[in-house]
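**Student:** One file: my_file-v5.txt (compact mmCIF, C-alpha atoms and all ligand atoms).
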# COMPACT_ATOMS: atom_id res chain seq x y z
CA MET A 1 0.00 0.00 0.00
CA ALA A 2 1.36 3.47 -0.88
CA HIS A 3 2.19 5.68 2.09
CA ALA A 4 1.18 9.35 2.05
CA ALA A 5 4.85 10.34 2.28
CA ASP A 6 5.99 8.05 -0.56
CA PRO A 7 7.42 9.90 -3.59
CA PRO A 8 5.45 9.46 -6.84
CA ALA A 9 6.40 6.33 -8.76
CA PRO A 10 8.65 7.03 -11.77
CA PRO A 11 7.08 6.42 -15.21
CA PRO A 12 7.88 3.02 -16.72
CA PRO A 13 10.58 3.02 -19.41
CA HIS A 14 9.17 3.59 -22.90
CA ALA A 15 5.87 4.78 -21.49
CA PRO A 16 3.11 5.18 -24.11
CA PRO A 17 2.13 8.71 -25.09
CA ASP A 18 -0.56 10.32 -22.96
CA GLY A 19 -3.91 8.70 -23.66
CA ALA A 20 -2.50 5.66 -25.51
CA PRO A 21 -3.41 2.21 -24.18
CA ALA A 22 -0.73 0.64 -21.99
CA GLY A 23 1.82 -1.21 -24.11
CA ASP A 24 0.78 0.49 -27.37
CA VAL A 25 4.11 2.02 -28.39
CA ARG A 26 4.88 2.17 -32.09
CA SER A 27 7.76 3.23 -34.30
CA ARG A 28 8.57 3.56 -37.95
CA VAL A 29 10.83 0.73 -39.07
CA SER A 30 12.53 0.42 -42.44
CA LEU A 31 13.48 -3.09 -43.54
CA ARG A 32 14.98 -4.17 -46.83
CA VAL A 33 13.38 -7.56 -47.36
CA ASN A 34 14.53 -9.72 -50.26
CA GLY A 35 15.91 -6.61 -51.93
CA VAL A 36 12.76 -4.50 -51.53
CA ARG A 37 12.50 -1.66 -49.03
CA HIS A 38 9.47 -1.66 -46.72
CA ASP A 39 8.59 1.18 -44.33
CA LEU A 40 6.42 -0.15 -41.53
CA ASP A 41 4.66 1.38 -38.55
CA LEU A 42 5.03 -1.32 -35.91
CA ASP A 43 4.11 -1.92 -32.31
CA HIS A 44 7.34 -2.45 -30.41
CA ARG A 45 6.19 -5.94 -29.41
CA VAL A 46 6.03 -7.20 -33.02
CA THR A 47 8.69 -9.80 -33.73
CA LEU A 48 10.54 -10.00 -37.02
CA LEU A 49 8.63 -13.21 -37.77
CA ASP A 50 5.26 -11.53 -37.28
CA ALA A 51 6.37 -8.46 -39.25
CA LEU A 52 7.20 -10.73 -42.18
CA ARG A 53 4.13 -12.95 -41.95
CA GLU A 54 1.42 -10.54 -40.76
CA HIS A 55 2.56 -7.22 -42.23
CA LEU A 56 4.38 -8.22 -45.44
CA ASP A 57 2.50 -11.44 -46.33
CA LEU A 58 5.78 -13.33 -46.53
CA THR A 59 4.59 -16.59 -45.01
CA GLY A 60 7.58 -18.76 -45.96
CA ALA A 61 9.17 -18.46 -42.52
CA LYS A 62 7.03 -20.57 -40.20
CA LYS A 63 5.94 -20.17 -36.60
CA GLY A 64 6.67 -23.50 -34.99
CA CYS A 65 7.29 -22.89 -31.30
CA ASP A 66 7.50 -19.06 -31.18
CA HIS A 67 10.20 -19.18 -28.54
CA GLY A 68 13.50 -20.10 -30.16
CA GLN A 69 13.32 -23.88 -29.91
CA CYS A 70 12.59 -25.22 -33.40
CA GLY A 71 14.25 -23.02 -36.05
CA ALA A 72 11.20 -22.99 -38.35
CA CYS A 73 11.33 -19.18 -38.36
CA THR A 74 14.98 -18.91 -39.43
CA VAL A 75 15.78 -16.05 -41.83
CA LEU A 76 18.94 -14.10 -42.61
CA VAL A 77 19.53 -10.61 -41.20
CA ASP A 78 22.44 -8.78 -42.79
CA GLY A 79 23.59 -12.17 -44.07
CA ARG A 80 23.52 -14.01 -40.73
CA ARG A 81 20.90 -16.53 -39.68
CA VAL A 82 18.55 -15.61 -36.87
CA ASN A 83 15.38 -16.90 -35.26
CA GLY A 84 12.74 -14.46 -36.43
CA CYS A 85 10.55 -15.22 -33.42
CA LEU A 86 13.19 -13.99 -30.99
CA LEU A 87 13.95 -10.58 -32.53
CA LEU A 88 11.81 -7.50 -32.16
CA ALA A 89 11.42 -5.86 -35.55
CA VAL A 90 11.87 -2.41 -34.06
CA THR A 91 15.50 -3.28 -33.28
CA LEU A 92 16.25 -4.01 -36.94
CA ASP A 93 15.66 -0.61 -38.52
CA GLY A 94 17.78 -0.37 -41.69
CA CYS A 95 18.64 -4.09 -41.79
CA ARG A 96 18.63 -6.41 -44.81
CA VAL A 97 16.41 -9.44 -44.34
CA THR A 98 16.41 -12.50 -46.58
CA THR A 99 13.62 -15.04 -46.29
CA VAL A 100 13.11 -18.30 -48.14
CA GLU A 101 11.21 -16.28 -50.77
CA GLY A 102 14.48 -14.46 -51.52
CA LEU A 103 16.74 -17.46 -51.98
CA ALA A 104 16.02 -18.13 -55.65
CA ALA A 105 17.58 -15.96 -58.34
CA PRO A 106 15.52 -13.03 -59.62
CA ASP A 107 14.78 -15.04 -62.79
CA GLY A 108 13.28 -17.83 -60.68
CA THR A 109 16.23 -20.23 -60.87
CA LEU A 110 16.18 -22.19 -57.65
CA HIS A 111 18.97 -21.76 -55.13
CA PRO A 112 21.48 -24.66 -55.09
CA LEU A 113 20.15 -25.71 -51.68
CA GLN A 114 16.57 -25.72 -52.93
CA ARG A 115 17.58 -27.90 -55.86
CA ALA A 116 19.50 -30.24 -53.58
CA PHE A 117 16.56 -30.58 -51.18
CA ILE A 118 14.36 -31.63 -54.09
CA GLU A 119 16.94 -34.01 -55.54
CA HIS A 120 17.57 -35.68 -52.17
CA ASP A 121 13.89 -35.70 -51.13
CA ALA A 122 14.93 -33.82 -47.99
CA PHE A 123 11.48 -32.99 -46.64
CA GLN A 124 8.11 -34.52 -45.94
CA CYS A 125 5.62 -32.00 -44.57
CA GLY A 126 7.87 -29.10 -45.52
CA TYR A 127 6.94 -27.02 -42.48
CA CYS A 128 10.52 -26.84 -41.27
CA THR A 129 12.02 -26.60 -44.76
CA PRO A 130 12.13 -22.80 -45.18
CA GLY A 131 14.01 -22.53 -41.89
CA GLN A 132 16.27 -25.44 -42.81
CA LEU A 133 17.14 -23.74 -46.11
CA CYS A 134 17.86 -20.31 -44.63
CA SER A 135 19.79 -21.87 -41.78
CA ALA A 136 21.83 -23.94 -44.25
CA VAL A 137 22.78 -20.80 -46.21
CA GLY A 138 23.96 -19.21 -42.97
CA ALA A 139 25.76 -22.38 -41.89
CA LEU A 140 27.60 -22.65 -45.21
CA ARG A 141 28.65 -19.01 -44.92
CA GLU A 142 29.90 -19.53 -41.38
CA ALA A 143 31.85 -22.66 -42.35
CA ALA A 144 33.38 -20.92 -45.39
CA ALA A 145 34.43 -18.00 -43.18
CA GLY A 146 36.17 -20.38 -40.78
CA HIS A 147 33.77 -20.01 -37.87
CA PRO A 148 34.22 -23.19 -35.83
CA SER A 149 31.34 -25.25 -34.48
CA HIS A 150 31.32 -27.45 -31.40
CA VAL A 151 32.71 -30.37 -33.44
CA THR A 152 35.29 -28.56 -35.59
CA PRO A 153 38.77 -29.97 -35.04
CA PRO A 154 41.48 -27.46 -34.12
CA ALA A 155 42.74 -25.77 -37.28
CA PRO A 156 44.51 -22.58 -38.36
CA GLN A 157 42.28 -19.66 -37.56
CA GLU A 158 39.73 -18.75 -40.23
CA ALA A 159 40.43 -21.84 -42.36
CA PRO A 160 37.15 -22.95 -43.95
CA ALA A 161 35.59 -25.77 -41.95
CA ALA A 162 35.23 -29.07 -43.84
CA LEU A 163 31.57 -29.98 -44.28
CA THR A 164 31.60 -33.41 -42.73
CA GLU A 165 28.35 -35.07 -41.72
CA ALA A 166 29.13 -34.26 -38.09
CA GLU A 167 29.67 -30.59 -38.99
CA ILE A 168 26.42 -30.34 -40.89
CA ARG A 169 24.44 -32.06 -38.15
CA GLU A 170 25.95 -29.82 -35.49
CA ARG A 171 25.56 -26.59 -37.44
CA LEU A 172 21.92 -27.35 -38.25
CA SER A 173 21.07 -28.72 -34.82
CA GLY A 174 18.93 -25.67 -34.08
CA ASN A 175 16.48 -26.65 -36.83
CA LEU A 176 14.11 -29.44 -35.89
CA CYS A 177 12.31 -31.66 -38.38
CA ARG A 178 9.51 -33.54 -36.72
CA CYS A 179 9.22 -35.95 -39.67
CA GLY A 180 12.82 -37.11 -39.24
CA ALA A 181 14.09 -36.17 -42.70
CA TYR A 182 17.52 -35.48 -41.22
CA PRO A 183 19.58 -38.03 -43.24
CA ALA A 184 18.31 -36.57 -46.51
CA ILE A 185 18.74 -33.00 -45.26
CA VAL A 186 22.38 -33.73 -44.39
CA ARG A 187 22.97 -35.24 -47.84
CA ALA A 188 21.35 -32.23 -49.53
CA VAL A 189 23.42 -29.71 -47.59
CA ALA A 190 26.62 -31.66 -48.24
CA ASP A 191 25.79 -31.78 -51.93
CA ALA A 192 24.95 -28.08 -52.23
CA GLY A 193 27.84 -27.13 -49.98
CA ALA A 194 30.25 -28.19 -52.70
CA ASP A 195 28.85 -25.34 -54.82
CA ALA A 196 30.32 -21.95 -53.83
CA ALA A 197 27.14 -20.32 -55.15
CA ALA A 198 25.22 -21.89 -52.27
CA THR A 199 26.45 -19.15 -49.93
CA ARG A 200 24.78 -16.50 -52.08
CA THR A 201 21.08 -15.80 -52.45
CA GLY A 202 18.91 -14.20 -55.08
CA ALA A 203 18.25 -11.33 -52.69
CA ASP A 204 22.00 -10.63 -52.53
CA VAL A 205 21.91 -9.92 -56.26
CA ILE A 206 19.22 -7.25 -56.01
CA ALA A 207 20.05 -5.92 -52.52
S1 LIG B 301 9.23 -20.43 -34.28
FE1 LIG B 301 11.13 -19.47 -33.90
S2 LIG B 301 12.42 -21.04 -33.15
FE2 LIG B 301 10.48 -21.98 -33.32
S1 LIG B 302 9.78 -31.85 -43.26
FE1 LIG B 302 10.51 -30.86 -41.46
S2 LIG B 302 8.95 -31.03 -39.98
FE2 LIG B 302 8.34 -32.27 -41.70
Could I get this file's structure written as structure tokens?
Ligand code: FES
Ligand code: FES
**Tutor:**
Amino acid sequence: MAHAADPPAPPPPHAPPDGAPAGDVRSRVSLRVNGVRHDLDLDHRVTLLDALREHLDLTGAKKGCDHGQCGACTVLVDGRRVNGCLLLAVTLDGCRVTTVEGLAAPDGTLHPLQRAFIEHDAFQCGYCTPGQLCSAVGALREAAAGHPSHVTPPAPQEAPAALTEAEIRERLSGNLCRCGAYPAIVRAVADAGADAAATRTGADVIA
């Protein structure tokens, strides 16, 4: 209970403007998604995943768990893979975002990973596949740049990591596939990983 002598409580951080409902704080956010600039007016609580799906109608990235456990929402931000459900869009003003819709070349030619997933039959329901694909692009970039994983043997710094089965499984361990298509996914990523073009995306061309 407040005492008569208590000082007034300070306003909460990021308080809404006078008269606005509690929690309703919005900002303008500019995102370059798959090479196209979008200026959005977003509630600060909107995640990147919801901004893509609910505001830009880009429904490739999926909402599996919505709390960073399954990887179905994986997209690339400034070239690095992220869980879209864990990032607030308002923190990404000015960033480049690539979703599964931006992997293919502008002329529609499928990305090497997309082709490999088809050739190796690396999916069943496909719900996790957009996240697997975006995560694989990020993983291949990280390996090529010499970023070690938990299973990478000691090597000269920044030497590209060899894409062994153990490496691929470890680097994609944040992406769950409930159907158990993992063996085919590993084969597809190993196959595409031999193609240097697999670290590039269609969105990179038009970004
Ligand atoms: S929906 Fe983001 S990790 Fe599961
Ligand atoms: S293909 Fe991944 S969850 Fe079914």
**Student:** For chain A against ligand LIG 302 (chain B), with a cut-off of 7 Å and counting all atoms listed in the file, what is the closest atom pair and its distance in Å to one decimal for every residue that makes the cut, ordered by chain and number, as JSON lines?
**Tutor:**
{"residue": "A:Phe123", "atom": "CA", "partner": "B:LIG302", "partner_atom": "S1", "distance": 4.0}
{"residue": "A:Gln124", "atom": "CA", "partner": "B:LIG302", "partner_atom": "S1", "distance": 4.1}
{"residue": "A:Cys125", "atom": "CA", "partner": "B:LIG302", "partner_atom": "FE2", "distance": 4.0}
{"residue": "A:Gly126", "atom": "CA", "partner": "B:LIG302", "partner_atom": "S1", "distance": 4.0}
{"residue": "A:Tyr127", "atom": "CA", "partner": "B:LIG302", "partner_atom": "S2", "distance": 5.1}
{"residue": "A:Cys128", "atom": "CA", "partner": "B:LIG302", "partner_atom": "FE1", "distance": 4.0}
{"residue": "A:Thr129", "atom": "CA", "partner": "B:LIG302", "partner_atom": "FE1", "distance": 5.6}
{"residue": "A:Leu176", "atom": "CA", "partner": "B:LIG302", "partner_atom": "S2", "distance": 6.8}
{"residue": "A:Cys177", "atom": "CA", "partner": "B:LIG302", "partner_atom": "FE1", "distance": 3.7}
{"residue": "A:Arg178", "atom": "CA", "partner": "B:LIG302", "partner_atom": "S2", "distance": 4.2}
{"residue": "A:Cys179", "atom": "CA", "partner": "B:LIG302", "partner_atom": "FE2", "distance": 4.3}
{"residue": "A:Ala181", "atom": "CA", "partner": "B:LIG302", "partner_atom": "S1", "distance": 6.1}
**Student:** Please provide as a list in words all residues within 7 Å of Gly60 in chain A, with the sequence filter that same-chain residues fewer than 4 positions apart are discarded (counting all atoms listed in the file).
**Tutor:**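 Contacts, with the query itself left out: Val100, Glu101 and Pro130 of chain A.
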**Student:** Name each residue within 8 Å of ligand LIG 301 (chain B), counting all atoms listed in the file, as a PyMOL selection string.
**Tutor:** chain A and resi 49+62-74+83-86+175
**Student:** Would you mind exporting the chosen residues as a compact mmCIF listing (two decimals), in the frame of the given file, restricted to C-alpha atoms?
**Tutor:**
# COMPACT_ATOMS: atom_id res chain seq x y z
CA LEU A 49 8.63 -13.21 -37.77
CA LYS A 62 7.03 -20.57 -40.20
CA LYS A 63 5.94 -20.17 -36.60
CA GLY A 64 6.67 -23.50 -34.99
CA CYS A 65 7.29 -22.89 -31.30
CA ASP A 66 7.50 -19.06 -31.18
CA HIS A 67 10.20 -19.18 -28.54
CA GLY A 68 13.50 -20.10 -30.16
CA GLN A 69 13.32 -23.88 -29.91
CA CYS A 70 12.59 -25.22 -33.40
CA GLY A 71 14.25 -23.02 -36.05
CA ALA A 72 11.20 -22.99 -38.35
CA CYS A 73 11.33 -19.18 -38.36
CA THR A 74 14.98 -18.91 -39.43
CA ASN A 83 15.38 -16.90 -35.26
CA GLY A 84 12.74 -14.46 -36.43
CA CYS A 85 10.55 -15.22 -33.42
CA LEU A 86 13.19 -13.99 -30.99
CA ASN A 175 16.48 -26.65 -36.83
**Student:** Write out as a ChimeraX atom specification which residues come within 6 Å of Val75 in chain A when counting only C-alpha atoms, dropping same-chain ones fewer than 3 positions away.
**Tutor:** /A:81-82,98-99,134
**Student:** Please identify all polymer residues lying at most 9 Å from the point (29.3, -23.0, -39.0) (file coordinates), using all atoms listed in the file, and present the result as a list in words.
**Tutor:**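 Returned residue set, sorted by chain then number, is Gly138, Ala139, Leu140, Arg141, Glu142, Ala143, Ala144, Ala145, Gly146, His147, Pro148, Ser149, Thr152, Ala161, Glu167, Ile168, Glu170, Arg171 and Leu172 of chain A.
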**Student:** When distances are computed from all atoms listed in the file, which of A:Ala192, A:Ile185, A:His111, A:Val29 shows the smallest separation from His44 in chain A?
**Tutor:**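 Of A:Ala192, A:Ile185, A:His111, A:Val29, the one nearest His44 in chain A, counting all atoms listed in the file, is A:Val29.
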**Student:** Rounded to one decimal, what separation in Å do you get between CA of Pro112 in chain A and CA of Arg187 in chain A?
**Tutor:**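 Between these atoms lies a distance of 12.9 Å.
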**Student:** Write out as a VMD selection string which residues come within 10 Å of His120 in chain A when counting all atoms listed in the file, dropping same-chain ones fewer than 5 positions away.
**Tutor:** chain A and resid 115 183 to 189 191
**Student:** Which polymer residues, protein or nucleic acid, are no farther than 6 Å from (18.5, -9.5, -48.5), counting all atoms listed in the file, as a count of residues only?
**Tutor:** 9
**Student:** Find the residue from A:Leu88, A:Leu56, A:Ala166, A:Ala197 that sits nearest to Val36 in chain A; use only C-alpha atoms when measuring.
**Tutor:**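 Of A:Leu88, A:Leu56, A:Ala166, A:Ala197, the one nearest Val36 in chain A, counting only C-alpha atoms, is A:Leu56.
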